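Visitor: Dropping in entry22.cif, with mmCIF, N, CA and C atoms.
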```cif
data_entry
loop_
_atom_site.label_atom_id
_atom_site.label_comp_id
_atom_site.auth_asym_id
_atom_site.auth_seq_id
_atom_site.Cartn_x
_atom_site.Cartn_y
_atom_site.Cartn_z
N MET J 22 8.13 -1.86 25.82
CA MET J 22 7.59 -1.00 24.80
C MET J 22 8.67 -0.03 24.33
N ALA J 23 8.80 0.13 23.03
CA ALA J 23 9.84 0.98 22.46
C ALA J 23 9.52 2.46 22.70
N LYS J 24 10.57 3.21 22.90
CA LYS J 24 10.42 4.65 23.11
C LYS J 24 10.04 5.33 21.80
N LYS J 25 9.14 6.29 21.87
CA LYS J 25 8.71 7.04 20.69
C LYS J 25 9.37 8.41 20.72
N SER J 26 9.91 8.80 19.55
CA SER J 26 10.58 10.09 19.44
C SER J 26 9.82 10.99 18.48
N TYR J 27 9.84 12.27 18.77
CA TYR J 27 9.22 13.28 17.93
C TYR J 27 10.19 14.45 17.81
N THR J 28 11.00 14.45 16.78
CA THR J 28 11.99 15.51 16.60
C THR J 28 11.89 16.08 15.20
N TYR J 29 12.35 17.32 15.07
CA TYR J 29 12.38 17.98 13.76
C TYR J 29 13.46 19.03 13.77
N GLU J 30 14.39 18.91 12.86
CA GLU J 30 15.49 19.86 12.72
C GLU J 30 15.41 20.47 11.32
N PRO J 31 14.86 21.68 11.17
CA PRO J 31 14.65 22.28 9.84
C PRO J 31 15.92 22.39 8.99
N GLU J 32 17.07 22.55 9.63
CA GLU J 32 18.31 22.69 8.85
C GLU J 32 18.68 21.38 8.13
N ASN J 33 18.04 20.27 8.48
CA ASN J 33 18.35 18.99 7.84
C ASN J 33 17.46 18.67 6.64
N ILE J 34 16.56 19.56 6.25
CA ILE J 34 15.64 19.21 5.16
C ILE J 34 16.30 19.21 3.79
N LYS J 35 17.53 19.71 3.70
CA LYS J 35 18.23 19.67 2.41
C LYS J 35 18.65 18.24 2.05
N ASN J 36 18.69 17.36 3.02
CA ASN J 36 19.04 15.95 2.79
C ASN J 36 17.78 15.10 2.87
N PHE J 37 17.81 13.96 2.22
CA PHE J 37 16.65 13.06 2.25
C PHE J 37 16.68 12.24 3.54
N THR J 38 16.20 12.89 4.61
CA THR J 38 16.20 12.29 5.93
C THR J 38 14.80 12.39 6.53
N LYS J 39 14.67 11.93 7.74
CA LYS J 39 13.41 12.01 8.49
C LYS J 39 12.91 13.44 8.55
N ASP J 40 13.80 14.39 8.72
CA ASP J 40 13.38 15.78 8.83
C ASP J 40 12.78 16.30 7.53
N ARG J 41 13.34 15.91 6.42
CA ARG J 41 12.77 16.32 5.13
C ARG J 41 11.39 15.69 4.93
N MET J 42 11.26 14.43 5.33
CA MET J 42 9.97 13.76 5.19
C MET J 42 8.93 14.47 6.06
N ARG J 43 9.29 14.81 7.28
CA ARG J 43 8.38 15.57 8.15
C ARG J 43 7.97 16.88 7.47
N PHE J 44 8.96 17.57 6.90
CA PHE J 44 8.70 18.84 6.22
C PHE J 44 7.74 18.65 5.05
N GLU J 45 7.98 17.65 4.21
CA GLU J 45 7.13 17.41 3.04
C GLU J 45 5.72 17.01 3.44
N LEU J 46 5.57 16.31 4.55
CA LEU J 46 4.24 15.90 5.01
C LEU J 46 3.55 16.98 5.83
N GLY J 47 4.28 18.02 6.23
CA GLY J 47 3.70 19.07 7.05
C GLY J 47 3.49 18.65 8.49
N ASP J 48 4.25 17.68 8.92
CA ASP J 48 4.12 17.14 10.29
C ASP J 48 5.28 17.64 11.14
N THR J 49 5.38 18.96 11.27
CA THR J 49 6.55 19.55 11.91
C THR J 49 6.31 20.11 13.30
N MET J 50 5.11 20.09 13.78
CA MET J 50 4.82 20.63 15.13
C MET J 50 5.09 19.55 16.18
N VAL J 51 6.35 19.36 16.51
CA VAL J 51 6.74 18.27 17.40
C VAL J 51 6.76 18.66 18.87
N GLU J 52 6.51 19.92 19.17
CA GLU J 52 6.59 20.39 20.55
C GLU J 52 5.61 19.67 21.47
N GLY J 53 4.43 19.33 20.96
CA GLY J 53 3.41 18.66 21.77
C GLY J 53 3.48 17.15 21.71
N LEU J 54 4.57 16.64 21.16
CA LEU J 54 4.78 15.19 21.01
C LEU J 54 3.58 14.56 20.30
N SER J 55 3.00 13.51 20.85
CA SER J 55 1.93 12.79 20.15
C SER J 55 0.63 13.59 20.06
N ASP J 56 0.51 14.66 20.83
CA ASP J 56 -0.70 15.49 20.76
C ASP J 56 -0.71 16.37 19.51
N THR J 57 0.46 16.72 18.99
CA THR J 57 0.53 17.60 17.83
C THR J 57 1.20 16.98 16.63
N THR J 58 1.81 15.83 16.79
CA THR J 58 2.56 15.18 15.72
C THR J 58 1.86 13.90 15.30
N ALA J 59 1.73 13.71 13.99
CA ALA J 59 1.02 12.54 13.48
C ALA J 59 1.89 11.29 13.44
N LEU J 60 3.18 11.46 13.18
CA LEU J 60 4.07 10.31 13.01
C LEU J 60 5.24 10.38 13.98
N THR J 61 5.70 9.23 14.42
CA THR J 61 6.90 9.18 15.24
C THR J 61 8.13 9.17 14.34
N ASP J 62 9.26 9.52 14.90
CA ASP J 62 10.52 9.44 14.16
C ASP J 62 10.75 8.01 13.67
N GLU J 63 10.40 7.05 14.51
CA GLU J 63 10.64 5.65 14.18
C GLU J 63 9.78 5.20 13.00
N GLU J 64 8.54 5.67 12.92
CA GLU J 64 7.67 5.33 11.79
C GLU J 64 8.23 5.90 10.49
N ILE J 65 8.66 7.14 10.54
CA ILE J 65 9.22 7.77 9.36
C ILE J 65 10.47 7.05 8.91
N GLN J 66 11.35 6.74 9.85
CA GLN J 66 12.60 6.06 9.50
C GLN J 66 12.33 4.66 8.97
N ALA J 67 11.35 3.97 9.51
CA ALA J 67 11.01 2.63 9.02
C ALA J 67 10.54 2.69 7.57
N ALA J 68 9.76 3.70 7.21
CA ALA J 68 9.31 3.85 5.83
C ALA J 68 10.49 4.14 4.91
N ILE J 69 11.37 5.03 5.34
CA ILE J 69 12.56 5.36 4.53
C ILE J 69 13.43 4.12 4.36
N ASP J 70 13.59 3.34 5.42
CA ASP J 70 14.40 2.12 5.35
C ASP J 70 13.73 1.04 4.49
N SER J 71 12.40 1.04 4.43
CA SER J 71 11.68 0.05 3.62
C SER J 71 11.88 0.28 2.13
N TYR J 72 12.08 1.52 1.74
CA TYR J 72 12.27 1.87 0.33
C TYR J 72 13.51 2.75 0.18
N PRO J 73 14.69 2.18 0.39
CA PRO J 73 15.91 3.00 0.37
C PRO J 73 16.21 3.63 -0.99
N LYS J 74 15.64 3.07 -2.06
CA LYS J 74 15.92 3.61 -3.40
C LYS J 74 14.75 4.42 -3.95
N SER J 75 13.69 4.58 -3.17
CA SER J 75 12.54 5.33 -3.68
C SER J 75 11.92 6.19 -2.58
N TRP J 76 12.30 7.45 -2.59
CA TRP J 76 11.76 8.42 -1.63
C TRP J 76 10.25 8.51 -1.76
N LYS J 77 9.77 8.53 -3.01
CA LYS J 77 8.33 8.67 -3.25
C LYS J 77 7.55 7.49 -2.68
N ARG J 78 8.08 6.28 -2.80
CA ARG J 78 7.38 5.12 -2.26
C ARG J 78 7.35 5.15 -0.73
N ALA J 79 8.42 5.61 -0.12
CA ALA J 79 8.44 5.74 1.35
C ALA J 79 7.41 6.78 1.78
N LYS J 80 7.35 7.88 1.06
CA LYS J 80 6.38 8.93 1.39
C LYS J 80 4.96 8.41 1.16
N LEU J 81 4.76 7.66 0.10
CA LEU J 81 3.44 7.09 -0.19
C LEU J 81 3.01 6.15 0.94
N MET J 82 3.94 5.36 1.45
CA MET J 82 3.65 4.45 2.56
C MET J 82 3.18 5.24 3.79
N LEU J 83 3.85 6.34 4.07
CA LEU J 83 3.47 7.16 5.22
C LEU J 83 2.13 7.88 5.00
N LEU J 84 1.91 8.37 3.80
CA LEU J 84 0.63 9.02 3.50
C LEU J 84 -0.53 8.04 3.62
N GLU J 85 -0.32 6.81 3.18
CA GLU J 85 -1.36 5.79 3.30
C GLU J 85 -1.67 5.54 4.78
N SER J 86 -0.65 5.47 5.58
CA SER J 86 -0.84 5.27 7.02
C SER J 86 -1.62 6.44 7.63
N LEU J 87 -1.25 7.65 7.24
CA LEU J 87 -1.96 8.83 7.75
C LEU J 87 -3.42 8.85 7.32
N CYS J 88 -3.67 8.50 6.08
CA CYS J 88 -5.05 8.48 5.58
C CYS J 88 -5.89 7.48 6.36
N ARG J 89 -5.34 6.31 6.59
CA ARG J 89 -6.09 5.30 7.33
C ARG J 89 -6.30 5.72 8.79
N ARG J 90 -5.28 6.27 9.38
CA ARG J 90 -5.32 6.63 10.78
C ARG J 90 -6.30 7.77 11.08
N PHE J 91 -6.35 8.75 10.18
CA PHE J 91 -7.15 9.95 10.45
C PHE J 91 -8.46 10.01 9.67
N ALA J 92 -8.81 8.95 8.97
CA ALA J 92 -10.04 8.95 8.17
C ALA J 92 -11.29 9.10 9.03
N TYR J 93 -11.25 8.64 10.25
CA TYR J 93 -12.44 8.64 11.09
C TYR J 93 -12.51 9.80 12.07
N GLU J 94 -11.54 10.70 12.02
CA GLU J 94 -11.58 11.86 12.90
C GLU J 94 -12.72 12.78 12.47
N VAL J 95 -13.35 13.38 13.43
CA VAL J 95 -14.47 14.28 13.14
C VAL J 95 -14.11 15.69 13.56
N ASP J 96 -14.78 16.66 12.92
CA ASP J 96 -14.61 18.04 13.33
C ASP J 96 -15.19 18.20 14.74
N THR J 97 -14.53 19.00 15.55
CA THR J 97 -14.91 19.13 16.95
C THR J 97 -15.01 20.60 17.34
N LYS J 98 -15.98 20.92 18.18
CA LYS J 98 -16.11 22.27 18.70
C LYS J 98 -16.03 22.22 20.22
N THR J 99 -15.13 23.02 20.76
CA THR J 99 -14.99 23.14 22.20
C THR J 99 -15.08 24.62 22.53
N GLY J 100 -16.21 25.03 23.04
CA GLY J 100 -16.42 26.46 23.30
C GLY J 100 -16.38 27.22 21.99
N ALA J 101 -15.51 28.22 21.91
CA ALA J 101 -15.36 29.02 20.69
C ALA J 101 -14.35 28.40 19.72
N LEU J 102 -13.69 27.35 20.14
CA LEU J 102 -12.65 26.73 19.33
C LEU J 102 -13.21 25.62 18.45
N TRP J 103 -12.95 25.73 17.15
CA TRP J 103 -13.32 24.67 16.20
C TRP J 103 -12.05 23.96 15.75
N LEU J 104 -12.06 22.64 15.75
CA LEU J 104 -10.96 21.83 15.22
C LEU J 104 -11.49 21.09 13.99
N TYR J 105 -10.99 21.51 12.84
CA TYR J 105 -11.43 20.91 11.57
C TYR J 105 -10.52 19.73 11.23
N MET J 106 -10.77 18.63 11.86
CA MET J 106 -9.93 17.44 11.69
C MET J 106 -10.09 16.81 10.30
N GLN J 107 -11.28 16.89 9.73
CA GLN J 107 -11.51 16.31 8.42
C GLN J 107 -10.73 17.04 7.33
N GLU J 108 -10.48 18.31 7.49
CA GLU J 108 -9.70 19.07 6.50
C GLU J 108 -8.27 18.53 6.41
N ARG J 109 -7.70 18.20 7.55
CA ARG J 109 -6.35 17.64 7.58
C ARG J 109 -6.33 16.29 6.88
N ALA J 110 -7.32 15.47 7.15
CA ALA J 110 -7.40 14.15 6.52
C ALA J 110 -7.59 14.29 5.01
N LYS J 111 -8.39 15.24 4.58
CA LYS J 111 -8.62 15.45 3.14
C LYS J 111 -7.35 15.90 2.44
N LEU J 112 -6.58 16.75 3.09
CA LEU J 112 -5.32 17.21 2.51
C LEU J 112 -4.36 16.05 2.30
N TRP J 113 -4.20 15.22 3.32
CA TRP J 113 -3.32 14.06 3.19
C TRP J 113 -3.84 13.09 2.14
N ARG J 114 -5.15 12.94 2.03
CA ARG J 114 -5.74 12.06 1.03
C ARG J 114 -5.44 12.57 -0.38
N ALA J 115 -5.56 13.88 -0.58
CA ALA J 115 -5.25 14.46 -1.89
C ALA J 115 -3.77 14.26 -2.23
N ASP J 116 -2.89 14.48 -1.25
CA ASP J 116 -1.46 14.24 -1.45
C ASP J 116 -1.20 12.78 -1.80
N TYR J 117 -1.86 11.87 -1.09
CA TYR J 117 -1.70 10.44 -1.33
C TYR J 117 -2.13 10.08 -2.75
N ASP J 118 -3.32 10.55 -3.17
CA ASP J 118 -3.82 10.23 -4.50
C ASP J 118 -2.90 10.74 -5.60
N GLN J 119 -2.39 11.96 -5.44
CA GLN J 119 -1.48 12.54 -6.44
C GLN J 119 -0.16 11.77 -6.50
N LEU J 120 0.41 11.46 -5.35
CA LEU J 120 1.69 10.75 -5.32
C LEU J 120 1.52 9.33 -5.83
N LYS J 121 0.41 8.70 -5.54
CA LYS J 121 0.16 7.34 -6.03
C LYS J 121 0.15 7.33 -7.56
N LYS J 122 -0.46 8.33 -8.17
CA LYS J 122 -0.46 8.43 -9.63
C LYS J 122 0.96 8.57 -10.16
N GLU J 123 1.76 9.43 -9.53
CA GLU J 123 3.14 9.63 -9.96
C GLU J 123 3.95 8.34 -9.87
N VAL J 124 3.82 7.64 -8.75
CA VAL J 124 4.57 6.39 -8.55
C VAL J 124 4.12 5.35 -9.56
N LEU J 125 2.83 5.28 -9.83
CA LEU J 125 2.31 4.31 -10.80
C LEU J 125 2.84 4.61 -12.19
N VAL J 126 2.85 5.85 -12.59
CA VAL J 126 3.36 6.22 -13.91
C VAL J 126 4.84 5.87 -14.02
N GLU J 127 5.60 6.17 -12.97
CA GLU J 127 7.03 5.87 -12.99
C GLU J 127 7.31 4.37 -13.04
N SER J 128 6.48 3.58 -12.37
CA SER J 128 6.71 2.14 -12.34
C SER J 128 6.24 1.45 -13.61
N CYS J 129 5.36 2.10 -14.38
CA CYS J 129 4.83 1.49 -15.60
C CYS J 129 5.48 2.02 -16.87
N SER J 130 6.42 2.89 -16.74
CA SER J 130 7.03 3.46 -17.94
C SER J 130 7.83 2.38 -18.67
N VAL J 131 7.85 2.50 -19.98
CA VAL J 131 8.55 1.52 -20.83
C VAL J 131 10.03 1.83 -20.77
N PRO J 132 10.85 0.85 -20.41
CA PRO J 132 12.29 1.10 -20.35
C PRO J 132 12.86 1.40 -21.73
N GLN J 133 13.78 2.32 -21.79
CA GLN J 133 14.41 2.69 -23.05
C GLN J 133 15.62 1.79 -23.30
N SER J 134 15.78 1.40 -24.56
CA SER J 134 16.92 0.58 -24.93
C SER J 134 18.14 1.47 -25.01
N SER J 135 19.16 1.14 -24.26
CA SER J 135 20.37 1.94 -24.26
C SER J 135 21.50 1.23 -25.00
N GLY J 136 21.20 0.09 -25.59
CA GLY J 136 22.24 -0.65 -26.27
C GLY J 136 23.17 -1.37 -25.30
N GLY J 137 22.78 -1.44 -24.05
CA GLY J 137 23.59 -2.09 -23.04
C GLY J 137 23.48 -3.60 -23.14
N ARG J 138 23.31 -4.25 -22.03
CA ARG J 138 23.30 -5.72 -22.04
C ARG J 138 22.00 -6.28 -22.60
N TYR J 139 20.95 -5.47 -22.67
CA TYR J 139 19.69 -5.92 -23.23
C TYR J 139 19.64 -5.53 -24.70
N LYS J 140 19.81 -6.49 -25.59
CA LYS J 140 19.91 -6.22 -27.02
C LYS J 140 18.57 -6.35 -27.73
N LYS J 141 17.49 -6.69 -27.01
CA LYS J 141 16.19 -6.85 -27.62
C LYS J 141 15.66 -5.50 -28.10
N PRO J 142 14.90 -5.51 -29.19
CA PRO J 142 14.28 -4.26 -29.63
C PRO J 142 13.18 -3.88 -28.64
N PRO J 143 12.77 -2.62 -28.64
CA PRO J 143 11.70 -2.22 -27.72
C PRO J 143 10.41 -2.97 -28.03
N TYR J 144 9.60 -3.17 -27.03
CA TYR J 144 8.35 -3.90 -27.20
C TYR J 144 7.41 -3.14 -28.12
N PHE J 145 7.31 -1.84 -27.94
CA PHE J 145 6.47 -1.01 -28.79
C PHE J 145 7.36 -0.31 -29.81
N TYR J 146 6.92 -0.24 -31.05
CA TYR J 146 7.70 0.44 -32.06
C TYR J 146 6.78 1.05 -33.09
N SER J 147 7.29 2.01 -33.81
CA SER J 147 6.52 2.72 -34.83
C SER J 147 6.11 1.76 -35.94
N GLY J 148 4.83 1.77 -36.31
CA GLY J 148 4.33 0.94 -37.39
C GLY J 148 4.00 -0.48 -36.98
N MET J 149 3.98 -0.79 -35.70
CA MET J 149 3.78 -2.18 -35.29
C MET J 149 2.39 -2.71 -35.61
N GLN J 150 1.42 -1.85 -35.86
CA GLN J 150 0.08 -2.31 -36.17
C GLN J 150 -0.21 -2.35 -37.67
N GLN J 151 0.76 -2.06 -38.47
CA GLN J 151 0.58 -2.12 -39.91
C GLN J 151 0.65 -3.56 -40.39
N ASN J 152 -0.22 -3.90 -41.30
CA ASN J 152 -0.24 -5.24 -41.88
C ASN J 152 0.66 -5.24 -43.10
N GLU J 153 1.75 -5.98 -43.05
CA GLU J 153 2.73 -5.99 -44.14
C GLU J 153 2.22 -6.76 -45.36
N ARG J 154 1.19 -7.59 -45.19
CA ARG J 154 0.65 -8.37 -46.32
C ARG J 154 -0.27 -7.54 -47.20
N VAL J 155 -0.70 -6.41 -46.72
CA VAL J 155 -1.57 -5.55 -47.51
C VAL J 155 -0.70 -4.66 -48.37
N LYS J 156 -0.94 -4.68 -49.68
CA LYS J 156 -0.14 -3.86 -50.60
C LYS J 156 -0.80 -2.49 -50.74
N ASN J 157 0.04 -1.49 -50.74
CA ASN J 157 -0.45 -0.14 -50.96
C ASN J 157 -0.71 0.03 -52.45
N GLY J 158 -1.90 0.43 -52.84
CA GLY J 158 -2.23 0.48 -54.25
C GLY J 158 -2.42 1.80 -54.72
#
```
Give the structure from this file in structure tokens form.
Guide:
Amino acid sequence: MAKKSYTYEPENIKNFTKDRMRFELGDTMVEGLSDTTALTDEEIQAAIDSYPKSWKRAKLMLLESLCRRFAYEVDTKTGALWLYMQERAKLWRADYDQLKKEVLVESCSVPQSSGGRYKKPPYFYSGMQQNERVKNG
């Protein structure tokens, strides 16, 4: 069985690394290992490696995993202590839904013609729905 790591170095968040991903997800309480941390270092790195050219897609992959993993957690009361587990799941779900919209918009945007190797005119253009056979009178 592979060793699981739970580390966080705040000084590294300026770079697009595991530590920045932990920071953006709010999964920075690594002191309690798996008791306080939602993701392992290896899971975060695997997502980053899966989408080396898209930070947002790697983050979306991790948010989806978190949503699935924590969807069934229930709020718990132990003595005077309340643990609102559903609030954490709702927060990650909201982050997931927002980021999914952003990624979808970015992936569906119409590429701009730069005059490079693609010499075709843009698919959409001004006046494309006008009927040229109809004379203006």
Visitor: May I ask for the distance between CA of Glu32 in chain J and CA of Arg78 in chain J, given in Å to one decimal place?
Guide: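 Computing it gives 23.5 Å between the two atoms.
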Visitor: By how many Å are CA of Arg114 in chain J and CA of Glu64 in chain J apart?
Guide: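 A separation of 18.5 Å between them.
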Visitor: If I take atom N of Ala115 in chain J and atom N of Leu102 in chain J, how far is one from the other in Å, to one decimal?
Guide: 26.0 Å
Visitor: Could you spell out the hits of the PyMOL selection byres ((chain J and resi 51-61) around 8) on the shown file, as a list in words?
Guide: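 Evaluating the PyMOL selection byres ((chain J and resi 51-61) around 8) on these coordinates yields Lys25, Ser26, Tyr27, Thr28, Tyr29, Gly47, Asp48, Thr49, Met50, Asp62, Glu63, Glu64, Ile65, Gln66, Ala67 and Leu87 of chain J.
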Visitor: Considering all atoms listed in the file, return as a PyMOL selection string whatever protein or nucleic-acid residues lie within 6.5 Å of Glu30 in chain J, sequence-local ones (same chain, fewer than 3 positions apart) excluded.
Guide: chain J and resi 33-34+40
Visitor: Hey, which of J:Gln119, J:Gln151, J:Ser75, J:Gln107 ends up closest to Arg90 in chain J? Count only C-alpha atoms.
Guide: J:Gln107
Visitor: Spell out the residues picked by the PyMOL selection byres ((chain J and resi 84) around 8) here, as number ranges by chain.
Guide: J: 46, 78-83, 85-90, 113-114, 116-118
Visitor: Can you list, as a list in words, all residues belonging to range 23-120 of chain J that DSSP tags as strand (DSSP E)?
Guide: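 Matching residues, listed in order: Thr97, Lys98, Thr99, Leu102, Trp103 and Leu104 of chain J.
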Visitor: Closest to Glu123 in chain J among J:Lys77, J:Arg154, J:Arg43, J:Lys24, using all atoms listed in the file?
Guide: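 When distances to Glu123 in chain J are compared using all atoms listed in the file, the smallest one comes from J:Lys77.
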Visitor: As AutoDock Vina command-line options, please report the centre and edge lengths, rounded to one decimal in Å, of the axis-aligned box that holds all listed atoms of range 94-112 of chain J with 6 Å of padding on each of the six sides.
Guide:
```
--center_x -10.4 --center_y 19.9 --center_z 12.8 --size_x 24.1 --size_y 30.3 --size_z 33.0
```
Visitor: All heavy atoms are what I want for range 97-107 of chain J; can you complete it accordingly and write them as a PDB file, in the coordinates of the input?
Guide:
```pdb
ATOM      1  N   THR J  97     -14.530  19.000  15.550  1.00  0.00           N
ATOM      2  CA  THR J  97     -14.910  19.130  16.950  1.00  0.00           C
ATOM      3  C   THR J  97     -15.010  20.600  17.340  1.00  0.00           C
ATOM      4  O   THR J  97     -14.206  21.426  16.907  1.00  0.00           O
ATOM      5  CB  THR J  97     -13.850  18.453  17.854  1.00  0.00           C
ATOM      6  OG1 THR J  97     -13.672  17.112  17.424  1.00  0.00           O
ATOM      7  CG2 THR J  97     -14.264  18.471  19.305  1.00  0.00           C
ATOM      8  N   LYS J  98     -15.980  20.920  18.180  1.00  0.00           N
ATOM      9  CA  LYS J  98     -16.110  22.270  18.700  1.00  0.00           C
ATOM     10  C   LYS J  98     -16.030  22.220  20.220  1.00  0.00           C
ATOM     11  O   LYS J  98     -16.747  21.463  20.862  1.00  0.00           O
ATOM     12  CB  LYS J  98     -17.441  22.894  18.278  1.00  0.00           C
ATOM     13  CG  LYS J  98     -17.596  24.312  18.768  1.00  0.00           C
ATOM     14  CD  LYS J  98     -18.891  24.931  18.337  1.00  0.00           C
ATOM     15  CE  LYS J  98     -18.929  26.359  18.868  1.00  0.00           C
ATOM     16  NZ  LYS J  98     -20.202  27.000  18.644  1.00  0.00           N
ATOM     17  N   THR J  99     -15.130  23.020  20.760  1.00  0.00           N
ATOM     18  CA  THR J  99     -14.990  23.140  22.200  1.00  0.00           C
ATOM     19  C   THR J  99     -15.080  24.620  22.530  1.00  0.00           C
ATOM     20  O   THR J  99     -14.132  25.374  22.299  1.00  0.00           O
ATOM     21  CB  THR J  99     -13.628  22.571  22.666  1.00  0.00           C
ATOM     22  OG1 THR J  99     -13.509  21.237  22.205  1.00  0.00           O
ATOM     23  CG2 THR J  99     -13.514  22.614  24.168  1.00  0.00           C
ATOM     24  N   GLY J 100     -16.210  25.030  23.040  1.00  0.00           N
ATOM     25  CA  GLY J 100     -16.420  26.460  23.300  1.00  0.00           C
ATOM     26  C   GLY J 100     -16.380  27.220  21.990  1.00  0.00           C
ATOM     27  O   GLY J 100     -17.074  26.914  21.035  1.00  0.00           O
ATOM     28  N   ALA J 101     -15.510  28.220  21.910  1.00  0.00           N
ATOM     29  CA  ALA J 101     -15.360  29.020  20.690  1.00  0.00           C
ATOM     30  C   ALA J 101     -14.350  28.400  19.720  1.00  0.00           C
ATOM     31  O   ALA J 101     -14.179  28.882  18.603  1.00  0.00           O
ATOM     32  CB  ALA J 101     -14.937  30.430  21.042  1.00  0.00           C
ATOM     33  N   LEU J 102     -13.690  27.350  20.140  1.00  0.00           N
ATOM     34  CA  LEU J 102     -12.650  26.730  19.330  1.00  0.00           C
ATOM     35  C   LEU J 102     -13.210  25.620  18.450  1.00  0.00           C
ATOM     36  O   LEU J 102     -13.864  24.699  18.919  1.00  0.00           O
ATOM     37  CB  LEU J 102     -11.563  26.137  20.249  1.00  0.00           C
ATOM     38  CG  LEU J 102     -10.453  25.348  19.561  1.00  0.00           C
ATOM     39  CD1 LEU J 102      -9.589  26.273  18.708  1.00  0.00           C
ATOM     40  CD2 LEU J 102      -9.615  24.638  20.598  1.00  0.00           C
ATOM     41  N   TRP J 103     -12.950  25.730  17.150  1.00  0.00           N
ATOM     42  CA  TRP J 103     -13.320  24.670  16.200  1.00  0.00           C
ATOM     43  C   TRP J 103     -12.050  23.960  15.750  1.00  0.00           C
ATOM     44  O   TRP J 103     -11.069  24.596  15.386  1.00  0.00           O
ATOM     45  CB  TRP J 103     -13.991  25.271  14.955  1.00  0.00           C
ATOM     46  CG  TRP J 103     -15.434  25.536  15.107  1.00  0.00           C
ATOM     47  CD1 TRP J 103     -16.022  26.697  15.508  1.00  0.00           C
ATOM     48  CD2 TRP J 103     -16.490  24.612  14.866  1.00  0.00           C
ATOM     49  NE1 TRP J 103     -17.372  26.568  15.526  1.00  0.00           N
ATOM     50  CE2 TRP J 103     -17.700  25.284  15.127  1.00  0.00           C
ATOM     51  CE3 TRP J 103     -16.550  23.287  14.453  1.00  0.00           C
ATOM     52  CZ2 TRP J 103     -18.939  24.685  14.989  1.00  0.00           C
ATOM     53  CZ3 TRP J 103     -17.770  22.681  14.310  1.00  0.00           C
ATOM     54  CH2 TRP J 103     -18.957  23.378  14.575  1.00  0.00           C
ATOM     55  N   LEU J 104     -12.060  22.640  15.750  1.00  0.00           N
ATOM     56  CA  LEU J 104     -10.960  21.830  15.220  1.00  0.00           C
ATOM     57  C   LEU J 104     -11.490  21.090  13.990  1.00  0.00           C
ATOM     58  O   LEU J 104     -12.330  20.210  14.098  1.00  0.00           O
ATOM     59  CB  LEU J 104     -10.472  20.841  16.279  1.00  0.00           C
ATOM     60  CG  LEU J 104      -9.913  21.457  17.557  1.00  0.00           C
ATOM     61  CD1 LEU J 104      -9.633  20.377  18.583  1.00  0.00           C
ATOM     62  CD2 LEU J 104      -8.662  22.249  17.252  1.00  0.00           C
ATOM     63  N   TYR J 105     -10.990  21.510  12.840  1.00  0.00           N
ATOM     64  CA  TYR J 105     -11.430  20.910  11.570  1.00  0.00           C
ATOM     65  C   TYR J 105     -10.520  19.730  11.230  1.00  0.00           C
ATOM     66  O   TYR J 105      -9.633  19.847  10.397  1.00  0.00           O
ATOM     67  CB  TYR J 105     -11.440  21.962  10.472  1.00  0.00           C
ATOM     68  CG  TYR J 105     -12.455  23.051  10.720  1.00  0.00           C
ATOM     69  CD1 TYR J 105     -12.063  24.275  11.240  1.00  0.00           C
ATOM     70  CD2 TYR J 105     -13.794  22.835  10.452  1.00  0.00           C
ATOM     71  CE1 TYR J 105     -12.988  25.273  11.483  1.00  0.00           C
ATOM     72  CE2 TYR J 105     -14.736  23.826  10.693  1.00  0.00           C
ATOM     73  CZ  TYR J 105     -14.321  25.038  11.208  1.00  0.00           C
ATOM     74  OH  TYR J 105     -15.250  26.028  11.448  1.00  0.00           O
ATOM     75  N   MET J 106     -10.770  18.630  11.860  1.00  0.00           N
ATOM     76  CA  MET J 106      -9.930  17.440  11.690  1.00  0.00           C
ATOM     77  C   MET J 106     -10.090  16.810  10.300  1.00  0.00           C
ATOM     78  O   MET J 106      -9.150  16.262   9.757  1.00  0.00           O
ATOM     79  CB  MET J 106     -10.241  16.410  12.768  1.00  0.00           C
ATOM     80  CG  MET J 106     -10.137  16.960  14.173  1.00  0.00           C
ATOM     81  SD  MET J 106      -8.544  17.687  14.500  1.00  0.00           S
ATOM     82  CE  MET J 106      -7.828  16.405  15.466  1.00  0.00           C
ATOM     83  N   GLN J 107     -11.280  16.890   9.730  1.00  0.00           N
ATOM     84  CA  GLN J 107     -11.510  16.310   8.420  1.00  0.00           C
ATOM     85  C   GLN J 107     -10.730  17.040   7.330  1.00  0.00           C
ATOM     86  O   GLN J 107     -10.336  16.425   6.337  1.00  0.00           O
ATOM     87  CB  GLN J 107     -13.000  16.297   8.081  1.00  0.00           C
ATOM     88  CG  GLN J 107     -13.747  15.138   8.699  1.00  0.00           C
ATOM     89  CD  GLN J 107     -13.235  13.808   8.189  1.00  0.00           C
ATOM     90  OE1 GLN J 107     -13.262  13.542   6.991  1.00  0.00           O
ATOM     91  NE2 GLN J 107     -12.761  12.972   9.099  1.00  0.00           N
TER      92      GLN J 107
END
```
